[in-house]
$ cat coords34.cif   # mmCIF, C-alpha atoms
data_query
loop_
_atom_site.label_atom_id
_atom_site.label_comp_id
_atom_site.auth_asym_id
_atom_site.auth_seq_id
_atom_site.Cartn_x
_atom_site.Cartn_y
_atom_site.Cartn_z
CA MET S 1 221.11 140.77 135.89
CA THR S 2 221.56 142.71 132.64
CA LYS S 3 219.48 142.03 129.55
CA MET S 4 222.52 140.50 127.83
CA GLU S 5 223.09 138.17 130.78
CA ARG S 6 219.41 137.15 130.78
CA THR S 7 219.56 136.41 127.02
CA LYS S 8 222.70 134.33 127.45
CA GLN S 9 221.15 132.42 130.35
CA SER S 10 218.05 131.73 128.30
CA ARG S 11 220.14 130.52 125.35
CA ASP S 12 222.31 128.33 127.60
CA ALA S 13 219.16 126.73 129.03
CA TRP S 14 218.46 125.23 125.57
CA ASN S 15 222.01 123.99 124.93
CA TRP S 16 221.15 120.55 126.27
CA LEU S 17 218.69 120.13 123.38
CA TRP S 18 221.39 120.78 120.78
CA GLU S 19 223.59 118.08 122.35
CA TRP S 20 221.35 115.65 120.46
CA ALA S 21 222.49 117.21 117.16
CA ASN S 22 226.08 116.08 117.78
CA PRO S 23 226.33 112.62 116.15
CA VAL S 24 228.63 111.16 118.82
CA LYS S 25 226.47 112.47 121.65
CA PHE S 26 223.31 111.37 119.81
CA MET S 27 224.64 107.81 119.63
CA HIS S 28 225.58 107.91 123.30
CA LEU S 29 222.28 109.41 124.48
CA THR S 30 220.06 107.16 122.35
CA GLY S 31 222.11 104.12 123.32
CA LYS S 32 221.27 104.83 126.95
CA ALA S 33 217.63 105.78 126.30
CA LEU S 34 216.74 102.94 123.95
CA PRO S 35 216.24 100.14 126.50
CA TRP S 36 213.89 102.40 128.47
CA VAL S 37 211.89 103.39 125.40
CA VAL S 38 211.60 99.76 124.30
CA GLY S 39 210.51 98.85 127.83
CA LEU S 40 207.87 101.59 127.78
CA THR S 41 206.62 100.28 124.43
CA LEU S 42 206.23 96.77 125.78
CA VAL S 43 204.41 97.77 128.98
CA THR S 44 201.95 100.09 127.22
CA LEU S 45 201.33 98.82 123.69
CA ILE S 46 200.89 95.12 124.43
CA PRO S 47 198.56 95.56 127.46
CA GLY S 48 196.64 98.26 125.56
CA LEU S 49 196.06 95.98 122.59
CA ILE S 50 195.13 93.02 124.77
CA TRP S 51 192.73 95.19 126.79
CA GLY S 52 191.16 96.60 123.62
CA PHE S 53 190.75 93.27 121.85
CA PHE S 54 189.69 90.99 124.68
CA PHE S 55 188.11 93.21 127.32
CA THR S 56 186.02 95.85 125.56
CA PRO S 57 182.31 95.35 124.79
CA GLU S 58 180.58 95.65 121.47
CA ALA S 59 179.44 99.14 120.54
CA ASP S 60 175.81 99.98 119.71
CA LYS S 61 176.49 101.30 116.24
CA PHE S 62 179.64 99.37 115.33
CA GLY S 63 179.22 95.98 117.00
CA SER S 64 182.53 94.18 117.49
CA SER S 65 184.07 96.15 114.60
CA VAL S 66 184.77 98.89 117.18
CA LYS S 67 187.82 96.83 118.12
CA ILE S 68 189.44 97.97 114.87
CA ILE S 69 189.78 101.37 116.55
CA TYR S 70 192.80 100.08 118.49
CA VAL S 71 194.85 99.55 115.33
CA HIS S 72 193.31 102.18 113.08
CA VAL S 73 193.33 105.32 115.24
CA PRO S 74 196.85 104.97 116.72
CA SER S 75 198.26 104.25 113.25
CA ALA S 76 196.49 107.23 111.72
CA MET S 77 197.61 109.51 114.52
CA MET S 78 201.18 108.31 114.24
CA ALA S 79 201.20 108.69 110.44
CA ILE S 80 200.38 112.38 110.86
CA ASN S 81 202.72 112.96 113.79
CA ALA S 82 205.59 111.15 112.08
CA TRP S 83 205.35 113.71 109.29
CA ALA S 84 205.32 116.50 111.90
CA MET S 85 208.51 115.08 113.39
CA MET S 86 210.05 114.88 109.91
CA LEU S 87 209.11 118.53 109.38
CA VAL S 88 210.82 119.65 112.60
CA ALA S 89 213.91 117.54 111.89
CA SER S 90 214.07 118.89 108.34
CA LEU S 91 213.84 122.47 109.57
CA ILE S 92 216.73 121.76 111.95
CA TRP S 93 218.74 120.63 108.93
CA LEU S 94 217.74 123.59 106.76
CA VAL S 95 218.42 126.21 109.47
CA ARG S 96 221.28 124.73 111.51
CA ARG S 97 222.74 122.23 108.99
CA HIS S 98 222.85 119.47 111.60
CA HIS S 99 223.13 116.14 109.78
CA VAL S 100 221.40 114.33 112.63
CA GLY S 101 218.22 116.30 111.80
CA ALA S 102 218.24 115.28 108.14
CA LEU S 103 219.06 111.65 108.95
CA ALA S 104 216.39 111.45 111.66
CA ALA S 105 213.79 112.65 109.13
CA LYS S 106 215.06 110.09 106.61
CA ALA S 107 214.89 107.38 109.27
CA ALA S 108 211.34 108.28 110.28
CA ALA S 109 209.85 108.17 106.78
CA PRO S 110 209.55 104.36 106.41
CA VAL S 111 208.00 104.18 109.88
CA GLY S 112 205.47 106.85 108.94
CA VAL S 113 204.63 105.17 105.65
CA VAL S 114 203.95 101.84 107.37
CA PHE S 115 201.58 103.54 109.81
CA THR S 116 199.89 105.32 106.89
CA VAL S 117 199.39 102.01 105.07
CA ILE S 118 197.97 100.41 108.22
CA ALA S 119 195.56 103.33 108.68
CA LEU S 120 194.43 103.21 105.04
CA LEU S 121 193.99 99.42 104.97
CA THR S 122 192.26 99.10 108.33
CA GLY S 123 190.11 102.09 107.44
CA ALA S 124 189.01 100.39 104.22
CA ILE S 125 188.37 97.10 106.03
CA TRP S 126 186.28 98.95 108.61
CA GLY S 127 184.53 101.10 106.02
CA GLN S 128 183.19 98.18 104.00
CA PRO S 129 180.77 96.83 106.65
CA MET S 130 180.04 100.30 108.11
CA TRP S 131 179.63 102.48 105.02
CA GLY S 132 179.12 99.78 102.40
CA THR S 133 182.25 100.86 100.54
CA TRP S 134 186.01 100.25 100.77
CA TRP S 135 186.77 103.82 99.79
CA ALA S 136 185.20 107.26 99.40
CA TRP S 137 186.69 110.52 98.12
CA ASP S 138 185.98 112.05 101.51
CA PRO S 139 188.17 115.07 102.54
CA ARG S 140 189.96 113.21 105.35
CA LEU S 141 190.55 109.99 103.37
CA THR S 142 191.70 111.90 100.30
CA SER S 143 194.14 114.01 102.36
CA PHE S 144 195.47 110.83 103.93
CA LEU S 145 196.01 109.19 100.56
CA ILE S 146 197.91 112.27 99.36
CA LEU S 147 200.01 112.15 102.55
CA PHE S 148 200.84 108.51 101.71
CA LEU S 149 201.98 109.60 98.24
CA PHE S 150 204.12 112.32 99.80
CA TYR S 151 205.78 109.69 101.99
CA LEU S 152 206.58 107.60 98.92
CA GLY S 153 207.89 110.66 97.10
CA TYR S 154 210.04 111.65 100.06
CA MET S 155 211.69 108.22 100.24
CA ALA S 156 212.11 108.07 96.47
CA LEU S 157 213.79 111.49 96.45
CA TRP S 158 216.35 110.43 99.06
CA ALA S 159 217.13 107.33 97.00
CA ALA S 160 217.35 109.22 93.71
CA ILE S 161 219.96 111.83 94.66
CA ASP S 162 223.58 110.80 95.15
CA ASP S 163 224.81 113.78 97.14
CA PRO S 164 223.40 113.38 100.67
CA ASP S 165 223.39 117.12 101.45
CA THR S 166 221.48 117.94 98.27
CA ALA S 167 219.05 115.10 99.00
CA ALA S 168 218.56 116.45 102.53
CA ASP S 169 217.84 119.94 101.15
CA LEU S 170 215.27 118.80 98.60
CA THR S 171 213.53 116.33 100.88
CA SER S 172 213.33 119.00 103.59
CA VAL S 173 211.44 121.24 101.20
CA LEU S 174 209.15 118.32 100.38
CA ALA S 175 208.57 117.79 104.11
CA ILE S 176 207.44 121.41 104.41
CA VAL S 177 205.05 121.12 101.45
CA GLY S 178 203.67 117.76 102.60
CA SER S 179 202.83 119.20 106.00
CA VAL S 180 199.76 120.79 104.44
CA PHE S 181 198.28 117.33 103.88
CA ALA S 182 199.32 116.13 107.32
CA VAL S 183 197.30 119.02 108.79
CA LEU S 184 194.39 118.40 106.41
CA SER S 185 194.33 114.71 107.33
CA ARG S 186 193.62 115.71 110.90
CA TYR S 187 191.39 118.76 110.41
CA ALA S 188 189.68 118.21 107.04
CA VAL S 189 186.51 117.12 108.81
CA ASN S 190 186.38 120.49 110.59
CA PHE S 191 187.24 122.52 107.49
CA TRP S 192 184.75 120.96 105.10
CA ASN S 193 182.14 119.58 107.50
CA GLN S 194 181.25 116.84 105.04
CA GLY S 195 182.20 113.31 104.09
CA LEU S 196 181.76 109.81 105.43
CA HIS S 197 184.57 109.77 107.99
CA GLN S 198 183.47 110.64 111.50
CA GLY S 199 185.05 113.34 113.62
CA ALA S 200 187.88 112.94 116.11
CA SER S 201 187.96 109.89 118.36
CA LEU S 202 190.26 111.77 120.68
CA SER S 203 189.83 115.45 121.28
CA LEU S 204 190.40 118.10 123.89
CA ASP S 205 186.66 118.70 123.57
CA ALA S 206 185.41 115.89 125.80
CA GLU S 207 181.95 115.77 124.20
CA GLU S 208 183.44 114.53 120.96
CA ASN S 209 185.45 111.62 122.43
CA VAL S 210 184.58 107.94 122.33
CA ALA S 211 183.08 106.44 125.49
CA ASP S 212 185.40 105.86 128.44
CA VAL S 213 185.24 102.08 128.19
CA TYR S 214 186.94 102.35 124.79
CA TRP S 215 188.90 105.54 125.47
CA GLN S 216 191.07 104.20 128.30
CA PRO S 217 192.64 101.25 126.42
CA LEU S 218 192.87 103.50 123.35
CA VAL S 219 194.97 106.06 125.25
CA LEU S 220 197.23 103.25 126.53
CA THR S 221 197.67 101.98 122.97
CA LEU S 222 198.42 105.51 121.77
CA VAL S 223 201.16 105.94 124.38
CA GLY S 224 202.55 102.57 123.30
CA ILE S 225 202.58 103.45 119.64
CA VAL S 226 204.34 106.76 120.30
CA ALA S 227 206.97 104.88 122.30
CA LEU S 228 207.31 102.37 119.44
CA PHE S 229 207.78 105.23 116.98
CA VAL S 230 210.48 106.83 119.15
CA ALA S 231 212.27 103.48 119.56
CA LEU S 232 212.21 102.81 115.82
CA VAL S 233 213.39 106.33 114.94
CA PHE S 234 216.27 106.00 117.43
CA ILE S 235 217.28 102.61 115.98
CA ARG S 236 216.97 103.75 112.36
CA THR S 237 218.74 107.09 112.90
CA ARG S 238 221.62 105.26 114.60
CA THR S 239 221.77 103.02 111.51
CA GLN S 240 221.89 106.08 109.23
CA LEU S 241 224.70 107.63 111.29
CA ARG S 242 226.69 104.39 111.18
CA ARG S 243 226.22 104.18 107.40
CA ARG S 244 227.40 107.77 107.04
CA ARG S 245 230.54 107.05 109.07
CA LEU S 246 231.07 103.81 107.12
CA HIS S 247 230.84 105.71 103.83
CA ALA S 248 233.45 108.21 105.05
CA LEU S 249 235.82 105.41 106.13
CA GLU S 250 235.40 103.56 102.82
CA LEU S 251 236.17 106.76 100.89
CA ARG S 252 239.32 107.20 102.95
CA GLU S 253 240.30 103.58 102.24
CA ARG S 254 239.86 104.07 98.50
CA MET S 255 241.93 107.25 98.57
CA ALA S 256 244.68 105.52 100.56
CA ASP S 257 244.74 102.61 98.12
CA ALA S 258 244.79 104.86 95.06
CA MET K 1 188.57 84.59 122.03
CA PRO K 2 185.72 87.14 122.12
CA ASP K 3 182.67 86.48 119.99
CA LEU K 4 183.12 88.90 117.08
CA GLY K 5 179.90 87.96 115.32
CA LYS K 6 179.42 89.10 111.75
CA TYR K 7 182.46 91.42 111.95
CA ALA K 8 184.93 88.63 112.77
CA GLU K 9 186.53 88.64 109.32
CA ALA K 10 186.94 92.43 109.31
CA VAL K 11 188.34 92.64 112.84
CA LEU K 12 190.75 89.72 112.48
CA SER K 13 192.05 90.81 109.09
CA ALA K 14 192.56 94.41 110.28
CA TRP K 15 194.45 93.27 113.35
CA GLY K 16 196.38 90.63 111.42
CA ILE K 17 197.57 93.07 108.75
CA SER K 18 198.54 95.66 111.38
CA ILE K 19 200.52 93.25 113.54
CA PHE K 20 202.23 91.74 110.49
CA LEU K 21 203.32 95.14 109.11
CA VAL K 22 204.56 96.40 112.48
CA LEU K 23 206.54 93.22 113.15
CA ALA K 24 208.00 93.34 109.62
CA LEU K 25 209.07 96.96 110.18
CA VAL K 26 210.62 96.16 113.57
CA GLY K 27 212.42 93.11 112.14
CA LEU K 28 213.75 94.99 109.14
CA SER K 29 214.91 97.95 111.26
CA TRP K 30 216.70 95.65 113.68
CA ARG K 31 218.40 93.68 110.90
CA GLN K 32 219.59 96.85 109.15
CA SER K 33 220.94 98.10 112.47
CA VAL K 34 222.90 94.91 113.10
CA VAL K 35 224.36 94.84 109.56
CA ALA K 36 225.39 98.51 109.71
CA ARG K 37 227.04 98.06 113.10
CA ARG K 38 229.02 95.01 111.93
CA GLN K 39 230.15 96.71 108.72
CA LEU K 40 231.23 99.83 110.63
CA GLU K 41 233.15 97.78 113.19
CA ALA K 42 234.97 95.96 110.40
CA ALA K 43 235.81 99.23 108.63
CA GLU K 44 237.05 100.84 111.86
CA ALA K 45 239.20 97.77 112.58
CA ARG K 46 240.75 98.04 109.10
CA ALA K 47 241.33 101.77 109.60
CA ALA K 48 242.99 101.16 112.98
CA LYS K 49 245.24 98.46 111.47
CA ARG K 50 246.22 100.78 108.61
CA GLY K 51 246.97 103.52 111.12
CA LYS K 52 249.30 101.19 113.07
CA SER K 53 251.13 99.97 109.94
CA ASP K 54 251.56 103.58 108.75
CA ASP K 55 253.14 104.45 112.11
CA ALA K 56 255.52 101.45 112.01
#

$ encode --input "coords34.cif" --output "structure tokens"
Amino acid sequence: MTKMERTKQSRDAWNWLWEWANPVKFMHLTGKALPWVVGLTLVTLIPGLIWGFFFTPEADKFGSSVKIIYVHVPSAMMAINAWAMMLVASLIWLVRRHHVGALAAKAAAPVGVVFTVIALLTGAIWGQPMWGTWWAWDPRLTSFLILFLFYLGYMALWAAIDDPDTAADLTSVLAIVGSVFAVLSRYAVNFWNQGLHQGASLSLDAEENVADVYWQPLVLTLVGIVALFVALVFIRTRTQLRRRRLHALELRERMADA
Amino acid sequence: MPDLGKYAEAVLSAWGISIFLVLALVGLSWRQSVVARRQLEAAEARAAKRGKSDDA
């Protein structure tokens, strides 16, 4: 096989991924996948939450407040990863000009902001009995608050600009800039080695993880929340695509009536 | 219901807020999806009708 043939074969191997960028194919593929993703959400998230709330013991340091981990940690993780997904989708728009990328990022933002709010609120509720304060200007908490503001700014920018392509361009740049705070939200503890917030609850370094009795239902809940995120992004992106098609049809109607 | 002791208020309010916000998000997303689908179907039906009357 020549080098050119090998390059073509390698490029063809990724073509299936770009099928998702075609709006018609995206609707078809997500329509088929959605029931499975919703099913996965139900069989992982609900059992994980029930396991975590009803069947885990009190922790030595945290007492029963350790049960907040099952809503706080998955939400915080998803808030950061939602922004990462928005970044990738935005780059697809900026580089390849695929509208599905821009609309998927737009669709994901409200989901990410809800998870960010949940993480901030549950963190404050947990912090009060543990640290004696609702809030501290700790590196991780501060980065998370800034990420929340970036989410709000991202959604506001989409709403403020009439031309959808211009809005997609500007919000994509914002997604790139905001990624700094998504990274800091996860790694600030390592960078600054200070602050109230503890280190990672889940890590590739096994010594740092929570105990197994809490870790197992937590992982199940995490899988569930990722599945929930995917389901919601599919549903919301399909809505955005329908609205875009509706807008085009309404424009055509107005031109025909004129 | 497990005995949550002195952290009962914190645990229940954290879980309550989380479940409420997630359900609100799911409900809103679903409703927007249904409305958009109905509006698009109506617009496509009008476009198809206009196409037929233009051909006639």

$ atom_distance --input "coords34.cif" --atom1 "CA of Thr44 (chain S)" --atom2 "CA of Leu220 (chain S)"
5.7 Å

$ resolve_selection --input "coords34.cif" --expression "the PyMOL selection byres ((chain K) within 9 of (chain S))" --output "PyMOL selection string"
chain K and resi 1-8+10-15+17-19+21-22+25-26+29-30+32-37+39-41+43-44+46-47

$ write_last_selection --input "coords34.cif" --atoms "C-alpha atoms" --output "PDB file, in the frame of the given file"
ATOM      1  CA  MET K   1     188.570  84.590 122.030  1.00  0.00           C
ATOM      2  CA  PRO K   2     185.720  87.140 122.120  1.00  0.00           C
ATOM      3  CA  ASP K   3     182.670  86.480 119.990  1.00  0.00           C
ATOM      4  CA  LEU K   4     183.120  88.900 117.080  1.00  0.00           C
ATOM      5  CA  GLY K   5     179.900  87.960 115.320  1.00  0.00           C
ATOM      6  CA  LYS K   6     179.420  89.100 111.750  1.00  0.00           C
ATOM      7  CA  TYR K   7     182.460  91.420 111.950  1.00  0.00           C
ATOM      8  CA  ALA K   8     184.930  88.630 112.770  1.00  0.00           C
ATOM      9  CA  ALA K  10     186.940  92.430 109.310  1.00  0.00           C
ATOM     10  CA  VAL K  11     188.340  92.640 112.840  1.00  0.00           C
ATOM     11  CA  LEU K  12     190.750  89.720 112.480  1.00  0.00           C
ATOM     12  CA  SER K  13     192.050  90.810 109.090  1.00  0.00           C
ATOM     13  CA  ALA K  14     192.560  94.410 110.280  1.00  0.00           C
ATOM     14  CA  TRP K  15     194.450  93.270 113.350  1.00  0.00           C
ATOM     15  CA  ILE K  17     197.570  93.070 108.750  1.00  0.00           C
ATOM     16  CA  SER K  18     198.540  95.660 111.380  1.00  0.00           C
ATOM     17  CA  ILE K  19     200.520  93.250 113.540  1.00  0.00           C
ATOM     18  CA  LEU K  21     203.320  95.140 109.110  1.00  0.00           C
ATOM     19  CA  VAL K  22     204.560  96.400 112.480  1.00  0.00           C
ATOM     20  CA  LEU K  25     209.070  96.960 110.180  1.00  0.00           C
ATOM     21  CA  VAL K  26     210.620  96.160 113.570  1.00  0.00           C
ATOM     22  CA  SER K  29     214.910  97.950 111.260  1.00  0.00           C
ATOM     23  CA  TRP K  30     216.700  95.650 113.680  1.00  0.00           C
ATOM     24  CA  GLN K  32     219.590  96.850 109.150  1.00  0.00           C
ATOM     25  CA  SER K  33     220.940  98.100 112.470  1.00  0.00           C
ATOM     26  CA  VAL K  34     222.900  94.910 113.100  1.00  0.00           C
ATOM     27  CA  VAL K  35     224.360  94.840 109.560  1.00  0.00           C
ATOM     28  CA  ALA K  36     225.390  98.510 109.710  1.00  0.00           C
ATOM     29  CA  ARG K  37     227.040  98.060 113.100  1.00  0.00           C
ATOM     30  CA  GLN K  39     230.150  96.710 108.720  1.00  0.00           C
ATOM     31  CA  LEU K  40     231.230  99.830 110.630  1.00  0.00           C
ATOM     32  CA  GLU K  41     233.150  97.780 113.190  1.00  0.00           C
ATOM     33  CA  ALA K  43     235.810  99.230 108.630  1.00  0.00           C
ATOM     34  CA  GLU K  44     237.050 100.840 111.860  1.00  0.00           C
ATOM     35  CA  ARG K  46     240.750  98.040 109.100  1.00  0.00           C
ATOM     36  CA  ALA K  47     241.330 101.770 109.600  1.00  0.00           C
TER      37      ALA K  47
END

$ closest_residue --input "coords34.cif" --among "S:Ala182, S:Leu34, S:Leu94, S:Leu120" --to "Thr166 (chain S)" --atoms "only C-alpha atoms"
S:Leu94

$ closest_atom_pairs --input "coords34.cif" --of "region 116-181 of chain S" --to "region 76-83 of chain S" --cutoff "12 Å" --atoms "all atoms listed in the file" --output "tab-separated table"
residue	atom	partner	partner_atom	distance
S:Thr116	CA	S:Ala79	CA	5.1
S:Val117	CA	S:Ala79	CA	8.8
S:Ile118	CA	S:Ala76	CA	7.8
S:Ala119	CA	S:Ala76	CA	5.0
S:Leu120	CA	S:Ala76	CA	8.1
S:Leu121	CA	S:Ala76	CA	10.6
S:Thr122	CA	S:Ala76	CA	9.8
S:Gly123	CA	S:Ala76	CA	9.2
S:Arg140	CA	S:Ala76	CA	10.9
S:Leu141	CA	S:Ala76	CA	10.6
S:Ser143	CA	S:Ile80	CA	10.7
S:Phe144	CA	S:Ile80	CA	8.6
S:Leu145	CA	S:Ala79	CA	11.2
S:Ile146	CA	S:Ile80	CA	11.8
S:Leu147	CA	S:Ile80	CA	8.3
S:Phe148	CA	S:Ala79	CA	8.7
S:Phe150	CA	S:Trp83	CA	9.7
S:Tyr151	CA	S:Trp83	CA	8.3
S:Tyr154	CA	S:Trp83	CA	10.6
S:Ser172	CA	S:Trp83	CA	11.1
S:Leu174	CA	S:Trp83	CA	10.7
S:Ala175	CA	S:Trp83	CA	7.3
S:Ile176	CA	S:Trp83	CA	9.4
S:Val177	CA	S:Trp83	CA	10.8
S:Gly178	CA	S:Trp83	CA	8.0
S:Ser179	CA	S:Trp83	CA	6.9
S:Val180	CA	S:Trp83	CA	10.2
S:Phe181	CA	S:Ile80	CA	8.8

$ atom_distance --input "coords34.cif" --atom1 "CA of Trp131 (chain S)" --atom2 "CA of Gln216 (chain S)"
26.0 Å

$ atom_distance --input "coords34.cif" --atom1 "CA of Arg50 (chain K)" --atom2 "CA of Met27 (chain S)"
25.2 Å

$ axis_aligned_box --input "coords34.cif" --around "region 28-37 of chain K" --padding-each-side "8 Å" --output "JSON"
{"center_x": 220.4, "center_y": 96.1, "center_z": 111.4, "size_x": 29.3, "size_y": 20.8, "size_z": 20.5}

$ resolve_selection --input "coords34.cif" --expression "the PyMOL selection byres ((chain S and resi 93) around 10)" --output "PyMOL selection string"
chain S and resi 21+87-92+94-105+165+168-169+172
